[in-house]
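Asks: Here it is: the structure, laid out below.
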Amino acid sequence: MSVRHAWAVSEGGVTTSWFDVRLAFADGARVDALAVLSGRSVRVEDVRAQPALSLDDLAVLADWLENPLFEACVPAPARGAPTASRRARPGWPRGREGRRLVAQEYRAARAEGGDPVLAVMSATGHSRRRSLRLIGQARDEGFLAPRRARR
């Protein structure tokens, strides 16, 4: 399910926002909807489905759309929830301890036959470039074997 902010109109201090909602199923069926946030209410204005929905399916659709629409349309402070940190990646120790943990993740992925760089990326939450830099620092620190013989 995806919810995307389409556009907004402000008039007299009241903002009305439209959201495109797409619900896709594994069998290829999909439902596209247009939701409107006006004041403190959220309404679904338009629904298009391929294949067509029955009335029973339409009633179930409201249950499927309710929570994702609420999270996307209503700002967090208005929901009463505390504002979460914008930082997406988990906390990761810095310095020697962080490089030691990077080496552990790298060796564990190699032992399982997986991609070690991807394992470090998942553990740290960093990009591929930053993860490669961390792996290189772990090698320089002596936690991993050198990549190639130095002359």
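By order in the structure tokens, chains are A, B, ...; within a chain, residues start at 1; ligands start at 1, following the order shown.
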List as a PDB file with all heavy atoms, in the first residue's frame the protein and nucleic acid residues near stretch 126-129 of chain A, meaning an atom at most 12 Å away when only C-alpha atoms are counted, but skip any in the same chain fewer than 3 places from it.
Replies:
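The resulting selection35.pdb:
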```pdb
ATOM      1  N   ARG A  87      15.908  10.750  12.200  1.00  0.00           N
ATOM      2  CA  ARG A  87      17.025   9.882  11.881  1.00  0.00           C
ATOM      3  C   ARG A  87      16.508   8.470  11.649  1.00  0.00           C
ATOM      4  O   ARG A  87      15.932   7.843  12.533  1.00  0.00           O
ATOM      5  CB  ARG A  87      18.021   9.905  13.021  1.00  0.00           C
ATOM      6  CG  ARG A  87      19.261   9.146  12.720  1.00  0.00           C
ATOM      7  CD  ARG A  87      20.234   9.295  13.855  1.00  0.00           C
ATOM      8  NE  ARG A  87      21.345   8.425  13.608  1.00  0.00           N
ATOM      9  CZ  ARG A  87      22.553   8.666  14.006  1.00  0.00           C
ATOM     10  NH1 ARG A  87      22.798   9.752  14.681  1.00  0.00           N
ATOM     11  NH2 ARG A  87      23.518   7.822  13.757  1.00  0.00           N
ATOM     12  N   ALA A  88      16.728   7.942  10.455  1.00  0.00           N
ATOM     13  CA  ALA A  88      16.177   6.649  10.086  1.00  0.00           C
ATOM     14  C   ALA A  88      17.040   5.493  10.569  1.00  0.00           C
ATOM     15  O   ALA A  88      16.537   4.416  10.835  1.00  0.00           O
ATOM     16  CB  ALA A  88      16.033   6.561   8.567  1.00  0.00           C
ATOM     17  N   ARG A  89      18.330   5.695  10.668  1.00  0.00           N
ATOM     18  CA  ARG A  89      19.189   4.566  11.012  1.00  0.00           C
ATOM     19  C   ARG A  89      19.301   4.410  12.525  1.00  0.00           C
ATOM     20  O   ARG A  89      19.197   5.374  13.274  1.00  0.00           O
ATOM     21  CB  ARG A  89      20.549   4.712  10.375  1.00  0.00           C
ATOM     22  CG  ARG A  89      21.364   5.853  10.870  1.00  0.00           C
ATOM     23  CD  ARG A  89      22.736   5.828  10.201  1.00  0.00           C
ATOM     24  NE  ARG A  89      23.382   7.088  10.448  1.00  0.00           N
ATOM     25  CZ  ARG A  89      23.604   8.004   9.535  1.00  0.00           C
ATOM     26  NH1 ARG A  89      23.268   7.789   8.307  1.00  0.00           N
ATOM     27  NH2 ARG A  89      24.178   9.128   9.841  1.00  0.00           N
ATOM     28  N   PRO A  90      19.520   3.167  12.952  1.00  0.00           N
ATOM     29  CA  PRO A  90      19.660   2.924  14.384  1.00  0.00           C
ATOM     30  C   PRO A  90      20.978   3.485  14.903  1.00  0.00           C
ATOM     31  O   PRO A  90      21.906   3.743  14.143  1.00  0.00           O
ATOM     32  CB  PRO A  90      19.636   1.393  14.479  1.00  0.00           C
ATOM     33  CG  PRO A  90      20.144   0.931  13.156  1.00  0.00           C
ATOM     34  CD  PRO A  90      19.663   1.966  12.154  1.00  0.00           C
ATOM     35  N   GLY A  91      21.054   3.642  16.219  1.00  0.00           N
ATOM     36  CA  GLY A  91      22.297   4.116  16.813  1.00  0.00           C
ATOM     37  C   GLY A  91      23.400   3.083  16.617  1.00  0.00           C
ATOM     38  O   GLY A  91      23.165   1.877  16.742  1.00  0.00           O
ATOM     39  N   TRP A  92      24.585   3.520  16.302  1.00  0.00           N
ATOM     40  CA  TRP A  92      25.716   2.635  16.078  1.00  0.00           C
ATOM     41  C   TRP A  92      26.914   3.232  16.797  1.00  0.00           C
ATOM     42  O   TRP A  92      27.191   4.417  16.649  1.00  0.00           O
ATOM     43  CB  TRP A  92      25.990   2.513  14.580  1.00  0.00           C
ATOM     44  CG  TRP A  92      26.980   1.454  14.251  1.00  0.00           C
ATOM     45  CD1 TRP A  92      28.296   1.623  13.959  1.00  0.00           C
ATOM     46  CD2 TRP A  92      26.758   0.055  14.174  1.00  0.00           C
ATOM     47  NE1 TRP A  92      28.900   0.432  13.718  1.00  0.00           N
ATOM     48  CE2 TRP A  92      27.973  -0.565  13.847  1.00  0.00           C
ATOM     49  CE3 TRP A  92      25.644  -0.747  14.377  1.00  0.00           C
ATOM     50  CZ2 TRP A  92      28.107  -1.934  13.706  1.00  0.00           C
ATOM     51  CZ3 TRP A  92      25.782  -2.114  14.223  1.00  0.00           C
ATOM     52  CH2 TRP A  92      26.999  -2.698  13.891  1.00  0.00           C
ATOM     53  N   VAL A 102      31.407  -3.867  13.092  1.00  0.00           N
ATOM     54  CA  VAL A 102      31.357  -3.974  11.632  1.00  0.00           C
ATOM     55  C   VAL A 102      32.064  -5.250  11.193  1.00  0.00           C
ATOM     56  O   VAL A 102      31.565  -5.989  10.335  1.00  0.00           O
ATOM     57  CB  VAL A 102      31.999  -2.726  10.968  1.00  0.00           C
ATOM     58  CG1 VAL A 102      32.310  -2.983   9.509  1.00  0.00           C
ATOM     59  CG2 VAL A 102      31.074  -1.539  11.098  1.00  0.00           C
ATOM     60  N   ASP A 115      26.004 -11.527   1.330  1.00  0.00           N
ATOM     61  CA  ASP A 115      26.785 -10.363   0.928  1.00  0.00           C
ATOM     62  C   ASP A 115      27.222  -9.608   2.179  1.00  0.00           C
ATOM     63  O   ASP A 115      26.382  -9.058   2.899  1.00  0.00           O
ATOM     64  CB  ASP A 115      25.928  -9.461   0.038  1.00  0.00           C
ATOM     65  CG  ASP A 115      26.675  -8.250  -0.487  1.00  0.00           C
ATOM     66  OD1 ASP A 115      27.902  -8.152  -0.256  1.00  0.00           O
ATOM     67  OD2 ASP A 115      26.038  -7.388  -1.114  1.00  0.00           O
ATOM     68  N   PRO A 116      28.535  -9.563   2.465  1.00  0.00           N
ATOM     69  CA  PRO A 116      28.984  -8.917   3.702  1.00  0.00           C
ATOM     70  C   PRO A 116      28.755  -7.407   3.711  1.00  0.00           C
ATOM     71  O   PRO A 116      28.456  -6.834   4.762  1.00  0.00           O
ATOM     72  CB  PRO A 116      30.470  -9.261   3.773  1.00  0.00           C
ATOM     73  CG  PRO A 116      30.856  -9.655   2.410  1.00  0.00           C
ATOM     74  CD  PRO A 116      29.629 -10.178   1.743  1.00  0.00           C
ATOM     75  N   VAL A 117      28.871  -6.762   2.559  1.00  0.00           N
ATOM     76  CA  VAL A 117      28.659  -5.312   2.520  1.00  0.00           C
ATOM     77  C   VAL A 117      27.196  -4.994   2.797  1.00  0.00           C
ATOM     78  O   VAL A 117      26.878  -4.064   3.548  1.00  0.00           O
ATOM     79  CB  VAL A 117      29.112  -4.723   1.163  1.00  0.00           C
ATOM     80  CG1 VAL A 117      28.831  -3.237   1.101  1.00  0.00           C
ATOM     81  CG2 VAL A 117      30.589  -5.006   0.922  1.00  0.00           C
ATOM     82  N   LEU A 118      26.294  -5.789   2.233  1.00  0.00           N
ATOM     83  CA  LEU A 118      24.868  -5.596   2.486  1.00  0.00           C
ATOM     84  C   LEU A 118      24.541  -5.835   3.960  1.00  0.00           C
ATOM     85  O   LEU A 118      23.712  -5.126   4.542  1.00  0.00           O
ATOM     86  CB  LEU A 118      24.052  -6.531   1.600  1.00  0.00           C
ATOM     87  CG  LEU A 118      22.551  -6.310   1.563  1.00  0.00           C
ATOM     88  CD1 LEU A 118      22.238  -4.909   1.076  1.00  0.00           C
ATOM     89  CD2 LEU A 118      21.896  -7.331   0.664  1.00  0.00           C
ATOM     90  N   ALA A 119      25.211  -6.800   4.583  1.00  0.00           N
ATOM     91  CA  ALA A 119      24.995  -7.058   6.007  1.00  0.00           C
ATOM     92  C   ALA A 119      25.434  -5.865   6.843  1.00  0.00           C
ATOM     93  O   ALA A 119      24.745  -5.474   7.794  1.00  0.00           O
ATOM     94  CB  ALA A 119      25.753  -8.311   6.431  1.00  0.00           C
ATOM     95  N   VAL A 120      26.556  -5.258   6.489  1.00  0.00           N
ATOM     96  CA  VAL A 120      27.023  -4.076   7.221  1.00  0.00           C
ATOM     97  C   VAL A 120      26.076  -2.904   6.986  1.00  0.00           C
ATOM     98  O   VAL A 120      25.768  -2.147   7.902  1.00  0.00           O
ATOM     99  CB  VAL A 120      28.478  -3.727   6.824  1.00  0.00           C
ATOM    100  CG1 VAL A 120      28.904  -2.394   7.410  1.00  0.00           C
ATOM    101  CG2 VAL A 120      29.424  -4.831   7.270  1.00  0.00           C
ATOM    102  N   MET A 121      25.585  -2.772   5.753  1.00  0.00           N
ATOM    103  CA  MET A 121      24.626  -1.708   5.460  1.00  0.00           C
ATOM    104  C   MET A 121      23.366  -1.862   6.307  1.00  0.00           C
ATOM    105  O   MET A 121      22.853  -0.883   6.859  1.00  0.00           O
ATOM    106  CB  MET A 121      24.251  -1.726   3.971  1.00  0.00           C
ATOM    107  CG  MET A 121      25.342  -1.263   3.051  1.00  0.00           C
ATOM    108  SD  MET A 121      24.971  -1.531   1.307  1.00  0.00           S
ATOM    109  CE  MET A 121      23.486  -0.612   1.081  1.00  0.00           C
ATOM    110  N   SER A 122      22.866  -3.086   6.427  1.00  0.00           N
ATOM    111  CA  SER A 122      21.650  -3.328   7.208  1.00  0.00           C
ATOM    112  C   SER A 122      21.880  -3.061   8.686  1.00  0.00           C
ATOM    113  O   SER A 122      21.018  -2.504   9.360  1.00  0.00           O
ATOM    114  CB  SER A 122      21.189  -4.775   7.023  1.00  0.00           C
ATOM    115  OG  SER A 122      20.827  -5.001   5.696  1.00  0.00           O
ATOM    116  N   ALA A 123      23.051  -3.474   9.185  1.00  0.00           N
ATOM    117  CA  ALA A 123      23.325  -3.316  10.613  1.00  0.00           C
ATOM    118  C   ALA A 123      23.529  -1.856  10.994  1.00  0.00           C
ATOM    119  O   ALA A 123      23.051  -1.408  12.036  1.00  0.00           O
ATOM    120  CB  ALA A 123      24.559  -4.126  10.996  1.00  0.00           C
ATOM    121  N   LEU A 132      31.335   0.616   3.046  1.00  0.00           N
ATOM    122  CA  LEU A 132      32.640   0.199   2.526  1.00  0.00           C
ATOM    123  C   LEU A 132      33.762   0.932   3.253  1.00  0.00           C
ATOM    124  O   LEU A 132      34.815   0.352   3.539  1.00  0.00           O
ATOM    125  CB  LEU A 132      32.725   0.444   1.016  1.00  0.00           C
ATOM    126  CG  LEU A 132      31.910  -0.526   0.158  1.00  0.00           C
ATOM    127  CD1 LEU A 132      31.857  -0.032  -1.284  1.00  0.00           C
ATOM    128  CD2 LEU A 132      32.501  -1.915   0.230  1.00  0.00           C
ATOM    129  N   ARG A 133      33.547   2.191   3.563  1.00  0.00           N
ATOM    130  CA  ARG A 133      34.545   2.958   4.314  1.00  0.00           C
ATOM    131  C   ARG A 133      34.719   2.367   5.714  1.00  0.00           C
ATOM    132  O   ARG A 133      35.849   2.232   6.198  1.00  0.00           O
ATOM    133  CB  ARG A 133      34.120   4.417   4.401  1.00  0.00           C
ATOM    134  CG  ARG A 133      35.195   5.297   5.033  1.00  0.00           C
ATOM    135  CD  ARG A 133      34.803   6.752   5.046  1.00  0.00           C
ATOM    136  NE  ARG A 133      34.566   7.251   3.697  1.00  0.00           N
ATOM    137  CZ  ARG A 133      33.581   8.085   3.365  1.00  0.00           C
ATOM    138  NH1 ARG A 133      32.749   8.522   4.295  1.00  0.00           N
ATOM    139  NH2 ARG A 133      33.425   8.488   2.137  1.00  0.00           N
ATOM    140  N   LEU A 134      33.615   1.988   6.368  1.00  0.00           N
ATOM    141  CA  LEU A 134      33.706   1.369   7.690  1.00  0.00           C
ATOM    142  C   LEU A 134      34.433   0.029   7.634  1.00  0.00           C
ATOM    143  O   LEU A 134      35.228  -0.298   8.529  1.00  0.00           O
ATOM    144  CB  LEU A 134      32.307   1.180   8.282  1.00  0.00           C
ATOM    145  CG  LEU A 134      31.588   2.439   8.730  1.00  0.00           C
ATOM    146  CD1 LEU A 134      30.140   2.110   9.099  1.00  0.00           C
ATOM    147  CD2 LEU A 134      32.298   3.073   9.901  1.00  0.00           C
ATOM    148  N   ILE A 135      34.175  -0.759   6.581  1.00  0.00           N
ATOM    149  CA  ILE A 135      34.856  -2.039   6.424  1.00  0.00           C
ATOM    150  C   ILE A 135      36.356  -1.807   6.233  1.00  0.00           C
ATOM    151  O   ILE A 135      37.190  -2.504   6.827  1.00  0.00           O
ATOM    152  CB  ILE A 135      34.253  -2.837   5.248  1.00  0.00           C
ATOM    153  CG1 ILE A 135      32.830  -3.280   5.605  1.00  0.00           C
ATOM    154  CG2 ILE A 135      35.127  -4.043   4.894  1.00  0.00           C
ATOM    155  CD1 ILE A 135      32.034  -3.797   4.434  1.00  0.00           C
ATOM    156  N   GLY A 136      36.705  -0.820   5.435  1.00  0.00           N
ATOM    157  CA  GLY A 136      38.114  -0.483   5.244  1.00  0.00           C
ATOM    158  C   GLY A 136      38.773  -0.049   6.545  1.00  0.00           C
ATOM    159  O   GLY A 136      39.926  -0.427   6.831  1.00  0.00           O
TER     160      GLY A 136
END
```
Asks: List every residue of stretch 16-118 of chain A that DSSP, applied to the backbone of this structure, assigns to strand (DSSP E or B), and report them as a PyMOL selection string.
Replies: chain A and resi 16-24+30-38+41-50
Asks: Measure the distance from atom CA of A:Val36 to atom CA of A:Ser54 in Å and round it to one decimal.
Replies: 22.8 Å
Asks: With a distance cut-off of 10 Å and only C-alpha atoms, select the neighbouring residues of stretch 65-72 of chain A, excluding the residue or stretch itself and same-chain residues fewer than 2 positions from it, and output the selection as a list in words.
Replies: Met1, Ser2, Val3, Arg4, His5, Phe19, Asp20, Val21, Arg22, Leu23, Ala33, Ala35, Val36, Leu37, Ser41, Val42, Arg43, Val44, Val60, Leu61, Ala62, Asp63, Val74, Pro75, Ala76 and Arg79 of chain A
Asks: Output C-alpha atoms of each residue in that selection to a file, as a compact mmCIF listing (two decimals), in the first residue's frame.
Replies:
```txt
# COMPACT_ATOMS: atom_id res chain seq x y z
CA MET A 1 0.00 0.00 0.00
CA SER A 2 1.31 3.44 -0.84
CA VAL A 3 -0.03 6.86 0.13
CA ARG A 4 1.33 9.91 -1.69
CA HIS A 5 0.51 13.56 -1.07
CA PHE A 19 -3.71 12.05 -1.33
CA ASP A 20 -3.28 9.32 -3.95
CA VAL A 21 -3.69 5.87 -2.40
CA ARG A 22 -2.72 2.66 -4.18
CA LEU A 23 -3.39 -0.80 -2.80
CA ALA A 33 -8.28 5.92 -4.40
CA ALA A 35 -8.50 10.76 -0.30
CA VAL A 36 -9.17 14.32 0.90
CA LEU A 37 -8.13 15.84 4.22
CA SER A 41 -11.92 14.85 8.53
CA VAL A 42 -10.57 12.47 5.91
CA ARG A 43 -12.84 11.36 3.06
CA VAL A 44 -12.36 9.04 0.12
CA VAL A 60 -13.61 -4.10 3.70
CA LEU A 61 -11.60 -1.54 1.74
CA ALA A 62 -12.44 1.13 4.31
CA ASP A 63 -10.85 -1.02 7.04
CA VAL A 74 -3.03 13.63 9.94
CA PRO A 75 0.19 15.23 11.23
CA ALA A 76 1.87 13.50 14.19
CA ARG A 79 -2.57 12.53 16.53
```
Asks: Take atom CA of A:Arg30 and atom CA of A:Gln50 and report the distance between them in Å, one decimal.
Replies: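 Spanning atom CA of A:Arg30 to atom CA of A:Gln50 is a straight-line distance of 5.5 Å.
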Asks: So which bits of chain A end up helix (DSSP H, G or I) when you DSSP the backbone, as a PyMOL selection string?
Replies: chain A and resi 55-73+76-79+95-112+116-124+128-141
Asks: Work out how far apart atom CA of A:Gln104 and atom CA of A:Pro146 are and give it in Å to one decimal.
Replies: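 It comes out at 15.2 Å.
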Asks: Give the answer as one residue: which of A:Gly12, A:Thr124, A:Val47, A:Ala109 has the shortest atom-to-atom distance to A:Pro93, using only C-alpha atoms?
Replies: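 Checking each candidate against A:Pro93, we get A:Thr124 as the closest.
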